[in-house]
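Colleague: Structure file final_3.txt (compact mmCIF, C-alpha atoms and all ligand atoms) is given on the next line.
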```
# COMPACT_ATOMS: atom_id res chain seq x y z
CA MET A 222 120.55 -2.67 50.38
CA ARG A 223 120.51 -5.76 48.16
CA ILE A 224 123.42 -6.53 45.79
CA ALA A 225 123.32 -9.28 43.16
CA PHE A 226 126.58 -10.96 42.07
CA CYS A 227 126.38 -12.36 38.54
CA CYS A 228 129.81 -13.05 37.03
CA THR A 229 130.42 -15.78 34.44
CA ASN A 230 133.57 -17.91 34.96
CA THR A 231 134.29 -16.31 38.36
CA LYS A 232 134.26 -17.96 41.79
CA ALA A 233 131.49 -16.13 43.64
CA ALA A 234 132.34 -16.97 47.28
CA PRO A 235 135.49 -14.82 47.75
CA TRP A 236 133.88 -11.85 45.97
CA ILE A 237 130.76 -12.09 48.10
CA ALA A 238 132.82 -12.41 51.30
CA GLY A 239 134.94 -9.38 50.33
CA LEU A 240 131.96 -7.24 49.31
CA SER A 241 130.10 -8.22 52.51
CA ALA A 242 133.10 -7.15 54.62
CA ALA A 243 133.37 -3.84 52.74
CA LEU A 244 129.63 -3.14 52.85
CA PRO A 245 128.41 -4.28 56.28
CA GLY A 246 124.64 -4.52 56.39
CA ALA A 247 124.26 -5.13 52.66
CA ASP A 248 122.53 -8.32 51.55
CA ILE A 249 124.86 -9.76 48.86
CA HIS A 250 123.97 -12.95 47.00
CA GLU A 251 124.97 -14.87 43.91
CA TRP A 252 122.11 -14.34 41.44
CA GLN A 253 119.81 -17.25 40.61
CA PRO A 254 116.88 -17.00 38.16
CA GLY A 255 113.84 -15.66 39.99
CA ALA A 256 115.90 -13.91 42.72
CA PRO A 257 114.37 -10.72 44.20
CA GLN A 258 115.07 -7.28 42.72
CA ALA A 259 118.50 -5.89 43.75
CA ASP A 260 119.65 -2.28 44.17
CA HIS A 261 123.05 -2.86 42.55
CA ALA A 262 124.76 -5.62 40.61
CA VAL A 263 128.36 -6.76 40.28
CA VAL A 264 128.71 -8.46 36.90
CA TRP A 265 130.93 -10.00 34.24
CA ALA A 266 129.24 -11.16 31.01
CA PRO A 267 125.86 -11.75 32.69
CA PRO A 268 123.02 -13.46 30.78
CA GLN A 269 120.26 -11.29 29.31
CA GLN A 270 117.81 -13.01 31.70
CA PHE A 271 119.60 -11.43 34.65
CA LEU A 272 119.13 -7.90 33.32
CA ASP A 273 115.53 -8.61 32.25
CA GLU A 274 114.74 -9.72 35.81
CA GLN A 275 116.30 -6.57 37.37
CA PRO A 276 114.33 -3.71 35.78
CA GLN A 277 114.86 -1.33 38.72
CA ILE A 278 118.57 -1.86 39.25
CA LYS A 279 120.40 1.42 40.03
CA GLY A 280 124.07 0.55 39.45
CA ILE A 281 125.71 -2.17 37.34
CA PHE A 282 129.39 -2.65 38.25
CA ASN A 283 131.49 -4.48 35.65
CA ILE A 284 134.49 -6.29 37.18
CA GLY A 285 136.66 -5.47 34.16
CA ALA A 286 137.62 -2.33 32.21
CA GLY A 287 136.08 -3.38 28.88
CA VAL A 288 132.29 -3.24 28.65
CA ASP A 289 131.85 -4.50 25.07
CA ALA A 290 130.24 -7.81 26.18
CA LEU A 291 127.81 -5.95 28.44
CA LEU A 292 126.82 -3.41 25.79
CA LYS A 293 125.60 -6.22 23.51
CA LEU A 294 122.78 -6.78 26.03
CA ARG A 295 119.55 -4.81 26.67
CA LEU A 296 120.25 -2.77 29.81
CA PRO A 297 117.59 -1.33 32.14
CA PRO A 298 117.43 2.31 30.90
CA GLN A 299 117.88 4.01 34.29
CA ALA A 300 120.88 1.89 35.35
CA VAL A 301 124.30 3.54 35.68
CA LEU A 302 126.97 1.29 34.15
CA VAL A 303 130.38 1.55 35.84
CA ARG A 304 133.64 -0.09 34.74
CA ILE A 305 136.77 -0.80 36.79
CA ASP A 306 138.90 2.29 36.65
CA ASP A 307 142.50 1.03 36.78
CA GLY A 308 142.17 -0.98 40.04
CA GLY A 309 145.79 -2.12 39.63
CA MET A 310 145.41 -3.07 35.95
CA ALA A 311 147.30 -0.11 34.46
CA VAL A 312 150.64 -1.01 36.04
CA GLN A 313 150.25 -4.64 34.93
CA MET A 314 149.51 -3.46 31.40
CA ALA A 315 152.51 -1.12 31.36
CA GLU A 316 154.77 -3.94 32.56
CA PHE A 317 153.38 -6.37 29.97
CA VAL A 318 153.71 -3.96 27.03
CA CYS A 319 157.24 -2.85 28.03
CA HIS A 320 158.19 -6.53 28.26
CA ALA A 321 156.79 -7.26 24.78
CA ILE A 322 158.64 -4.27 23.31
CA THR A 323 161.91 -5.21 25.05
CA ARG A 324 161.63 -8.84 23.95
CA HIS A 325 161.17 -7.76 20.33
CA VAL A 326 163.66 -4.89 20.08
CA ARG A 327 166.41 -6.64 22.07
CA GLU A 328 165.72 -9.86 20.11
CA LEU A 329 165.38 -11.84 23.33
CA ASP A 330 163.18 -14.36 21.51
CA VAL A 331 166.03 -15.11 19.07
CA ILE A 332 168.52 -15.34 21.96
CA GLU A 333 166.25 -17.76 23.88
CA ILE A 334 165.95 -20.10 20.90
CA ALA A 335 169.72 -20.04 20.33
CA ALA A 336 170.38 -20.63 24.04
CA ARG A 337 168.39 -23.86 23.87
CA ARG A 338 170.96 -25.00 21.27
CA SER A 339 173.81 -23.87 23.61
CA GLU A 340 174.63 -21.04 21.20
CA TRP A 341 176.12 -17.73 22.42
CA ALA A 342 173.97 -15.59 20.11
CA PHE A 343 175.24 -12.04 20.47
CA ARG A 344 172.97 -9.50 18.70
CA LYS A 345 174.01 -6.07 17.47
CA PRO A 346 172.55 -3.19 19.53
CA ARG A 347 169.54 -1.62 17.77
CA ARG A 348 168.81 2.10 17.95
CA ARG A 349 165.63 2.83 19.89
CA GLU A 350 164.92 5.89 17.70
CA GLU A 351 164.24 3.34 14.96
CA PHE A 352 161.40 1.81 16.96
CA PRO A 353 158.84 4.57 17.52
CA VAL A 354 155.95 3.23 19.58
CA GLY A 355 152.36 4.26 18.78
CA VAL A 356 149.72 3.63 21.45
CA MET A 357 146.12 3.53 20.20
CA GLY A 358 143.90 4.61 23.09
CA LEU A 359 145.15 7.09 25.69
CA GLY A 360 142.68 6.31 28.46
CA VAL A 361 143.30 4.89 31.92
CA LEU A 362 145.54 2.08 30.61
CA GLY A 363 146.97 3.60 27.41
CA SER A 364 148.22 6.78 29.06
CA LEU A 365 150.14 4.85 31.75
CA VAL A 366 151.55 2.53 29.08
CA ALA A 367 152.70 5.50 26.95
CA ASN A 368 154.38 7.07 30.00
CA ALA A 369 156.10 3.79 30.93
CA VAL A 370 157.42 3.20 27.40
CA LYS A 371 158.75 6.77 27.36
CA GLN A 372 160.97 5.92 30.35
CA PHE A 373 162.92 3.57 28.06
CA ASP A 374 163.68 6.45 25.65
CA TYR A 375 161.61 5.20 22.73
CA PRO A 376 159.88 7.92 20.73
CA VAL A 377 156.24 7.58 21.85
CA MET A 378 153.06 8.62 20.08
CA GLY A 379 149.45 8.27 21.12
CA TRP A 380 146.13 8.33 19.31
CA SER A 381 142.74 9.02 20.88
CA ARG A 382 139.23 10.01 19.79
CA THR A 383 139.42 13.49 21.31
CA PRO A 384 142.65 15.51 21.65
CA ARG A 385 144.83 14.60 24.66
CA GLU A 386 148.03 16.09 26.02
CA LEU A 387 150.69 13.91 27.63
CA PRO A 388 154.12 15.40 28.27
CA GLY A 389 156.76 13.72 26.11
CA VAL A 390 154.16 11.89 24.00
CA GLN A 391 153.29 13.14 20.51
CA CYS A 392 149.50 13.04 20.54
CA PHE A 393 147.23 12.51 17.53
CA ALA A 394 143.44 12.49 17.58
CA GLY A 395 140.51 11.43 15.44
CA GLU A 396 140.13 9.99 11.95
CA ASP A 397 141.93 12.94 10.31
CA GLN A 398 145.19 12.29 12.12
CA PHE A 399 145.03 8.50 12.12
CA ASP A 400 147.16 7.89 9.03
CA ASN A 401 149.86 10.33 10.19
CA PHE A 402 149.98 8.44 13.49
CA LEU A 403 150.28 5.05 11.75
CA GLN A 404 152.94 6.25 9.30
CA ALA A 405 155.14 7.41 12.19
CA THR A 406 154.73 4.12 14.13
CA ARG A 407 156.87 0.98 14.02
CA ILE A 408 155.57 -0.67 17.21
CA LEU A 409 151.78 -0.48 17.40
CA VAL A 410 150.07 -1.03 20.76
CA CYS A 411 146.27 -1.40 20.80
CA LEU A 412 144.55 -0.22 23.97
CA LEU A 413 141.25 0.88 22.49
CA PRO A 414 137.83 -0.15 23.76
CA LEU A 415 135.92 -2.36 21.32
CA THR A 416 133.19 -0.21 19.74
CA SER A 417 131.51 0.01 16.33
CA GLU A 418 134.25 2.52 15.37
CA THR A 419 137.22 0.44 16.49
CA ARG A 420 136.16 -3.10 15.45
CA ASP A 421 138.54 -4.46 12.72
CA ILE A 422 140.73 -1.34 13.03
CA ILE A 423 143.97 -3.33 12.57
CA ASN A 424 143.43 -4.46 9.00
CA ALA A 425 145.24 -4.66 5.64
CA ARG A 426 144.94 -0.90 5.06
CA THR A 427 146.09 0.25 8.47
CA LEU A 428 148.89 -2.34 8.70
CA SER A 429 150.21 -1.19 5.31
CA LYS A 430 150.57 2.37 6.69
CA LEU A 431 152.92 1.28 9.50
CA MET A 432 156.69 1.58 9.07
CA PRO A 433 158.23 -1.51 7.43
CA GLY A 434 159.24 -4.20 9.92
CA ALA A 435 156.37 -3.18 12.19
CA TYR A 436 155.48 -5.02 15.39
CA VAL A 437 151.88 -5.29 16.62
CA ILE A 438 150.93 -5.66 20.30
CA ASN A 439 147.21 -6.23 20.84
CA VAL A 440 146.19 -6.17 24.49
CA ALA A 441 142.67 -4.76 24.03
CA ARG A 442 140.15 -7.04 22.27
CA GLY A 443 140.56 -9.71 19.59
CA ALA A 444 138.00 -8.13 17.28
CA HIS A 445 140.24 -5.10 16.81
CA VAL A 446 142.39 -7.27 14.52
CA VAL A 447 141.36 -8.79 11.19
CA ASP A 448 143.16 -12.10 11.70
CA GLU A 449 143.73 -12.96 8.02
CA ASP A 450 145.07 -9.45 7.27
CA LEU A 451 147.59 -9.69 10.10
CA ILE A 452 148.78 -13.11 8.92
CA ALA A 453 149.14 -11.80 5.34
CA ALA A 454 151.15 -8.78 6.55
CA LEU A 455 153.42 -11.08 8.62
CA ASP A 456 153.90 -13.46 5.71
CA SER A 457 154.75 -10.59 3.34
CA GLY A 458 157.41 -9.39 5.82
CA HIS A 459 155.91 -5.89 6.17
CA VAL A 460 155.04 -6.78 9.76
CA ALA A 461 157.95 -8.47 11.57
CA GLY A 462 155.97 -9.93 14.46
CA ALA A 463 153.02 -9.68 16.81
CA ALA A 464 152.31 -10.22 20.50
CA LEU A 465 148.64 -11.09 20.87
CA ASP A 466 146.93 -11.36 24.26
CA VAL A 467 143.29 -11.21 23.11
CA PHE A 468 141.35 -13.07 20.42
CA ARG A 469 138.00 -13.13 18.64
CA THR A 470 137.26 -16.47 20.28
CA GLU A 471 138.68 -17.16 23.74
CA PRO A 472 140.21 -19.53 24.63
CA LEU A 473 141.94 -19.39 21.22
CA PRO A 474 140.76 -22.55 19.38
CA ALA A 475 143.42 -25.27 19.04
CA GLU A 476 143.24 -25.14 15.23
CA HIS A 477 143.74 -21.35 14.96
CA PRO A 478 146.82 -20.45 12.84
CA PHE A 479 148.01 -17.88 15.41
CA TRP A 480 149.15 -20.70 17.73
CA HIS A 481 151.83 -21.98 15.38
CA HIS A 482 152.77 -18.87 13.41
CA PRO A 483 156.53 -18.39 13.95
CA LYS A 484 156.20 -14.59 14.19
CA ILE A 485 153.33 -14.53 16.69
CA THR A 486 153.54 -14.77 20.48
CA VAL A 487 150.23 -15.83 22.04
CA THR A 488 149.32 -15.16 25.68
CA PRO A 489 145.97 -16.13 27.28
CA HIS A 490 144.25 -12.73 27.92
CA THR A 491 146.50 -12.14 30.87
CA SER A 492 148.17 -8.77 30.24
CA ALA A 493 146.17 -7.04 33.03
CA ARG A 494 144.12 -9.19 35.38
CA THR A 495 141.28 -7.93 37.53
CA LEU A 496 142.64 -7.79 41.09
CA ARG A 497 139.89 -8.94 43.43
CA ASP A 498 140.73 -6.98 46.59
CA GLU A 499 141.38 -3.71 44.74
CA SER A 500 138.22 -4.14 42.65
CA ILE A 501 136.06 -4.93 45.69
CA ALA A 502 137.34 -1.80 47.48
CA GLN A 503 136.69 0.32 44.37
CA ILE A 504 133.19 -1.08 43.75
CA ALA A 505 132.17 -0.83 47.42
CA GLY A 506 133.34 2.80 47.53
CA LYS A 507 131.39 3.63 44.38
CA ILE A 508 128.21 1.92 45.60
CA GLN A 509 128.38 4.00 48.79
CA ALA A 510 129.01 7.18 46.75
CA LEU A 511 126.06 6.45 44.42
CA GLU A 512 123.83 5.81 47.43
CA ARG A 513 124.85 9.25 48.80
CA GLY A 514 124.03 10.76 45.40
CA GLU A 515 127.68 11.61 44.64
CA PRO A 516 129.34 11.27 41.22
CA VAL A 517 131.67 8.30 40.60
CA ALA A 518 134.54 7.77 38.13
CA GLY A 519 134.37 5.19 35.36
CA VAL A 520 130.73 5.66 34.34
CA VAL A 521 130.27 4.26 30.83
CA ASP A 522 128.86 6.61 28.18
CA LEU A 523 126.40 4.39 26.33
CA GLN A 524 126.46 6.60 23.21
CA ARG A 525 130.25 6.42 22.79
CA GLY A 526 130.28 2.73 23.76
CA TYR A 527 133.03 2.97 26.42
P1 LIG A 601 139.43 4.03 28.56
O1 LIG A 601 137.98 4.10 28.30
O2 LIG A 601 139.97 4.66 29.79
O3 LIG A 601 140.24 4.64 27.32
C1 LIG A 601 139.89 4.40 26.00
C2 LIG A 601 140.78 5.24 25.09
O4 LIG A 601 140.49 4.86 23.72
C3 LIG A 601 140.51 6.74 25.20
O5 LIG A 601 141.72 7.45 25.06
C4 LIG A 601 139.60 7.01 23.99
O6 LIG A 601 139.67 8.33 23.46
C5 LIG A 601 140.20 6.04 22.98
N1 LIG A 601 139.21 5.76 21.91
C6 LIG A 601 137.97 5.25 22.02
N2 LIG A 601 137.36 5.20 20.81
C7 LIG A 601 138.25 5.70 19.93
C8 LIG A 601 138.22 5.93 18.53
N3 LIG A 601 137.14 5.65 17.79
N4 LIG A 601 139.30 6.49 17.94
C9 LIG A 601 140.40 6.81 18.68
N5 LIG A 601 140.50 6.61 20.02
C10 LIG A 601 139.43 6.06 20.63
O7 LIG A 601 139.81 2.46 28.54
P2 LIG A 601 140.96 1.70 29.35
O8 LIG A 601 142.25 2.37 29.06
O9 LIG A 601 140.59 1.49 30.75
O10 LIG A 601 140.89 0.25 28.65
C11 LIG A 601 141.06 0.09 27.26
C12 LIG A 601 140.66 -1.32 26.85
O11 LIG A 601 141.65 -2.26 27.27
C13 LIG A 601 139.38 -1.86 27.46
O12 LIG A 601 138.23 -1.35 26.80
C14 LIG A 601 139.53 -3.36 27.29
O13 LIG A 601 138.98 -3.75 26.06
C15 LIG A 601 141.04 -3.57 27.26
N6 LIG A 601 141.53 -4.32 28.42
C16 LIG A 601 142.22 -5.49 28.20
C17 LIG A 601 142.71 -6.21 29.26
C18 LIG A 601 143.52 -7.46 29.05
O14 LIG A 601 143.83 -8.17 29.99
N7 LIG A 601 143.93 -7.75 27.83
C19 LIG A 601 142.50 -5.78 30.66
C20 LIG A 601 141.80 -4.53 30.76
C21 LIG A 601 141.33 -3.84 29.68
P3 LIG A 601 139.27 9.61 24.35
O15 LIG A 601 140.44 9.78 25.28
O16 LIG A 601 139.13 10.70 23.39
O17 LIG A 601 137.99 9.24 25.07
C1 LIG A 602 138.98 -6.15 31.08
C2 LIG A 602 139.63 -7.39 30.71
O1 LIG A 602 138.34 -5.56 30.24
O2 LIG A 602 139.99 -8.17 31.60
O3 LIG A 602 139.13 -5.75 32.25
O4 LIG A 602 139.84 -7.64 29.52
```
Take the structure I supplied and represent it as structure tokens, if you would.
Modeller:
Amino acid sequence: MRIAFCCTNTKAAPWIAGLSAALPGADIHEWQPGAPQADHAVVWAPPQQFLDEQPQIKGIFNIGAGVDALLKLRLPPQAVLVRIDDGGMAVQMAEFVCHAITRHVRELDVIEIAARRSEWAFRKPRRREEFPVGVMGLGVLGSLVANAVKQFDYPVMGWSRTPRELPGVQCFAGEDQFDNFLQATRILVCLLPLTSETRDIINARTLSKLMPGAYVINVARGAHVVDEDLIAALDSGHVAGAALDVFRTEPLPAEHPFWHHPKITVTPHTSARTLRDESIAQIAGKIQALERGEPVAGVVDLQRGY
């Protein structure tokens, strides 16, 4: 079995060593133009040339959860596209989102600034019932995030495309229930995939529906947010702050206003990192399952776009 490794901005050697150890007997190489046809590919943002040169590929394994970059390309029609299914990312995401919520609600950012001036800046306790959290996207990551936030006694809501049930989480689904979800939300967490339906979803209209003094946490993709609309909502005071981990252009350009906006916290697309060992074990297991003709989790539905 031949496996091509084609991942932009990723050191190939440790991945190839790990995959070779997990799949003894497989011939695993970093792809170069003109390389022979492979059976499977392990990819992150590959060039179109790679896919054009692999017309018979059976499985394409994305080393992240989001497949938006891959779906912009022409894929060989018979190929099964598989994303990382948790692989240790969900717990990182839950930790990151709970931290962002805690920092905002407990005003730790204000306390940190005061502490640098040697000020003992006591803040009044705030009632968590006043900070209902709405999680957009109740998939592998969003459902664990909603459950984690619930442990801190915030009211938690979730919104998905099809109806979901999560104990202790008030679930909304589809376009029809979107505004009701937004109107009941003060802290908005975006964990949607980027698709034609979700692009620009955090915009002037949707932000205006949130409870006053809203807080926006975007840990999904930058193109979910209309940048100018978020800045306008922050400047008007309707939105109190935002924690942004993902951006339309990454790295975030030095001149982008998000860097210096006093109500925005920027992090460098780091809320849930791909864990190499866990991902290698998951991908190797799925390649073996596909070879045996068994179903695997995390197959991307090309029609839905995630
Ligand atoms: P999943 O595919 O498991 O879940 C997606 C969820 O979004 C599902 O609940 C789905 O609804 C919902 N959804 C999709 N389209 C719509 C829509 N039009 N309206 C309402 N709900 C919708 O994805 P993951 O949880 O694994 O990952 C989510 C995203 O997080 C990834 O696509 C990626 O972009 C981002 N990500 C970011 C990382 C970072 O470091 N910042 C790291 C990893 C991922 P339904 O349940 O009905 O299918
Ligand atoms: C992912 C990501 O999609 O890292 O996995 O953003």
Colleague: List as an NGL selection string the protein and nucleic acid residues lying within 6 Å of ligand LIG 601 (chain A), with only C-alpha atoms and all ligand atoms counted.
Modeller: :A and (286-287 or 358-363 or 380-383 or 395 or 412-415 or 418-419 or 440-442 or 466-467 or 490-494 or 527)
Colleague: Compile the contact shell of A:Leu511 as number ranges by chain: residues with an atom at most 8 Å away, counting all atoms listed in the file, same-chain residues fewer than 5 positions apart removed.
Modeller: A: 280, 516-517
Colleague: What's around stretch 239-254 of chain A at 9 Å? Count all atoms listed in the file, leave out sequence neighbours fewer than 2 positions away in its own chain, and write the answer as a list of chain:residue names.
Modeller: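 So the residues in contact are A:Met222, A:Arg223, A:Ile224, A:Ala225, A:Phe226, A:Cys227, A:Cys228, A:Ala233, A:Ala234, A:Pro235, A:Trp236, A:Ile237, A:Ala256, A:Pro257, A:Gln270, A:Phe271, A:Glu274, A:Arg497, A:Asp498, A:Ile501, A:Ala502, A:Ile504, A:Ala505, A:Gly506, A:Ile508, A:Gln509.
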Colleague: Counting only C-alpha atoms, find residues at most 8 Å from (157.6, -5.3, 7.6) (file frame) and give them as a list in words.
Modeller: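 Here is the list of nearby residues: Met432, Pro433, Gly434, Ala435, Ala454, Leu455, Ser457, Gly458, His459, Val460 and Ala461 of chain A.
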Colleague: Export, as a PDB file, in the coordinates of the input, the selected residues with C-alpha atoms.
Modeller:
```pdb
ATOM      1  CA  MET A 432     156.690   1.580   9.070  1.00  0.00           C
ATOM      2  CA  PRO A 433     158.230  -1.510   7.430  1.00  0.00           C
ATOM      3  CA  GLY A 434     159.240  -4.200   9.920  1.00  0.00           C
ATOM      4  CA  ALA A 435     156.370  -3.180  12.190  1.00  0.00           C
ATOM      5  CA  ALA A 454     151.150  -8.780   6.550  1.00  0.00           C
ATOM      6  CA  LEU A 455     153.420 -11.080   8.620  1.00  0.00           C
ATOM      7  CA  SER A 457     154.750 -10.590   3.340  1.00  0.00           C
ATOM      8  CA  GLY A 458     157.410  -9.390   5.820  1.00  0.00           C
ATOM      9  CA  HIS A 459     155.910  -5.890   6.170  1.00  0.00           C
ATOM     10  CA  VAL A 460     155.040  -6.780   9.760  1.00  0.00           C
ATOM     11  CA  ALA A 461     157.950  -8.470  11.570  1.00  0.00           C
TER      12      ALA A 461
END
```
Colleague: First collect every listed atom of stretch 518-521 of chain A; then fit an axis-aligned box around them, widen it by 6 Å on each side, and give centre and edge lengths in Å to one decimal, as JSON.
Modeller:
```
{"center_x": 132.4, "center_y": 6.0, "center_z": 34.5, "size_x": 16.3, "size_y": 15.5, "size_z": 19.3}
```
Colleague: Write out as a PDB file with C-alpha atoms, in the coordinates of the input each polymer residue whose atoms come within 10 Å of stretch 326-334 of chain A, counting only C-alpha atoms; drop sequence neighbours fewer than 6 positions from it.
Modeller:
```
ATOM      1  CA  HIS A 320     158.190  -6.530  28.260  1.00  0.00           C
ATOM      2  CA  GLU A 340     174.630 -21.040  21.200  1.00  0.00           C
ATOM      3  CA  TRP A 341     176.120 -17.730  22.420  1.00  0.00           C
ATOM      4  CA  ALA A 342     173.970 -15.590  20.110  1.00  0.00           C
ATOM      5  CA  PHE A 343     175.240 -12.040  20.470  1.00  0.00           C
ATOM      6  CA  ARG A 344     172.970  -9.500  18.700  1.00  0.00           C
ATOM      7  CA  LYS A 345     174.010  -6.070  17.470  1.00  0.00           C
ATOM      8  CA  PRO A 346     172.550  -3.190  19.530  1.00  0.00           C
ATOM      9  CA  ARG A 347     169.540  -1.620  17.770  1.00  0.00           C
ATOM     10  CA  ARG A 348     168.810   2.100  17.950  1.00  0.00           C
ATOM     11  CA  ARG A 349     165.630   2.830  19.890  1.00  0.00           C
ATOM     12  CA  GLU A 351     164.240   3.340  14.960  1.00  0.00           C
ATOM     13  CA  PHE A 352     161.400   1.810  16.960  1.00  0.00           C
ATOM     14  CA  ILE A 408     155.570  -0.670  17.210  1.00  0.00           C
ATOM     15  CA  TYR A 436     155.480  -5.020  15.390  1.00  0.00           C
ATOM     16  CA  THR A 486     153.540 -14.770  20.480  1.00  0.00           C
TER      17      THR A 486
END
```
Colleague: Would you mind telling me which residue in A:Val390, A:Leu294, A:His477, A:Gln313 lies nearest to ligand LIG 602 (chain A) when using all atoms listed in the file?
Modeller: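 Nearest candidate to ligand LIG 602 (chain A) out of A:Val390, A:Leu294, A:His477, A:Gln313: A:Gln313.
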Colleague: I'd like the interatomic distance between atom CA of A:Val520 and atom CA of A:Ala300, to a tenth of an Å.
Modeller: 10.6 Å
Colleague: Have a look at atom CA of A:Asp273 and atom CA of A:Thr229 and let me know their distance in Å, one decimal.
Modeller: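 The value is 16.7 Å.
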Colleague: Record the distance separating atom CA of A:Ala425 and atom CA of A:Pro483, expressed in Å with one decimal.
Modeller: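 Straight-line distance from atom CA of A:Ala425 to atom CA of A:Pro483 works out to 19.6 Å.
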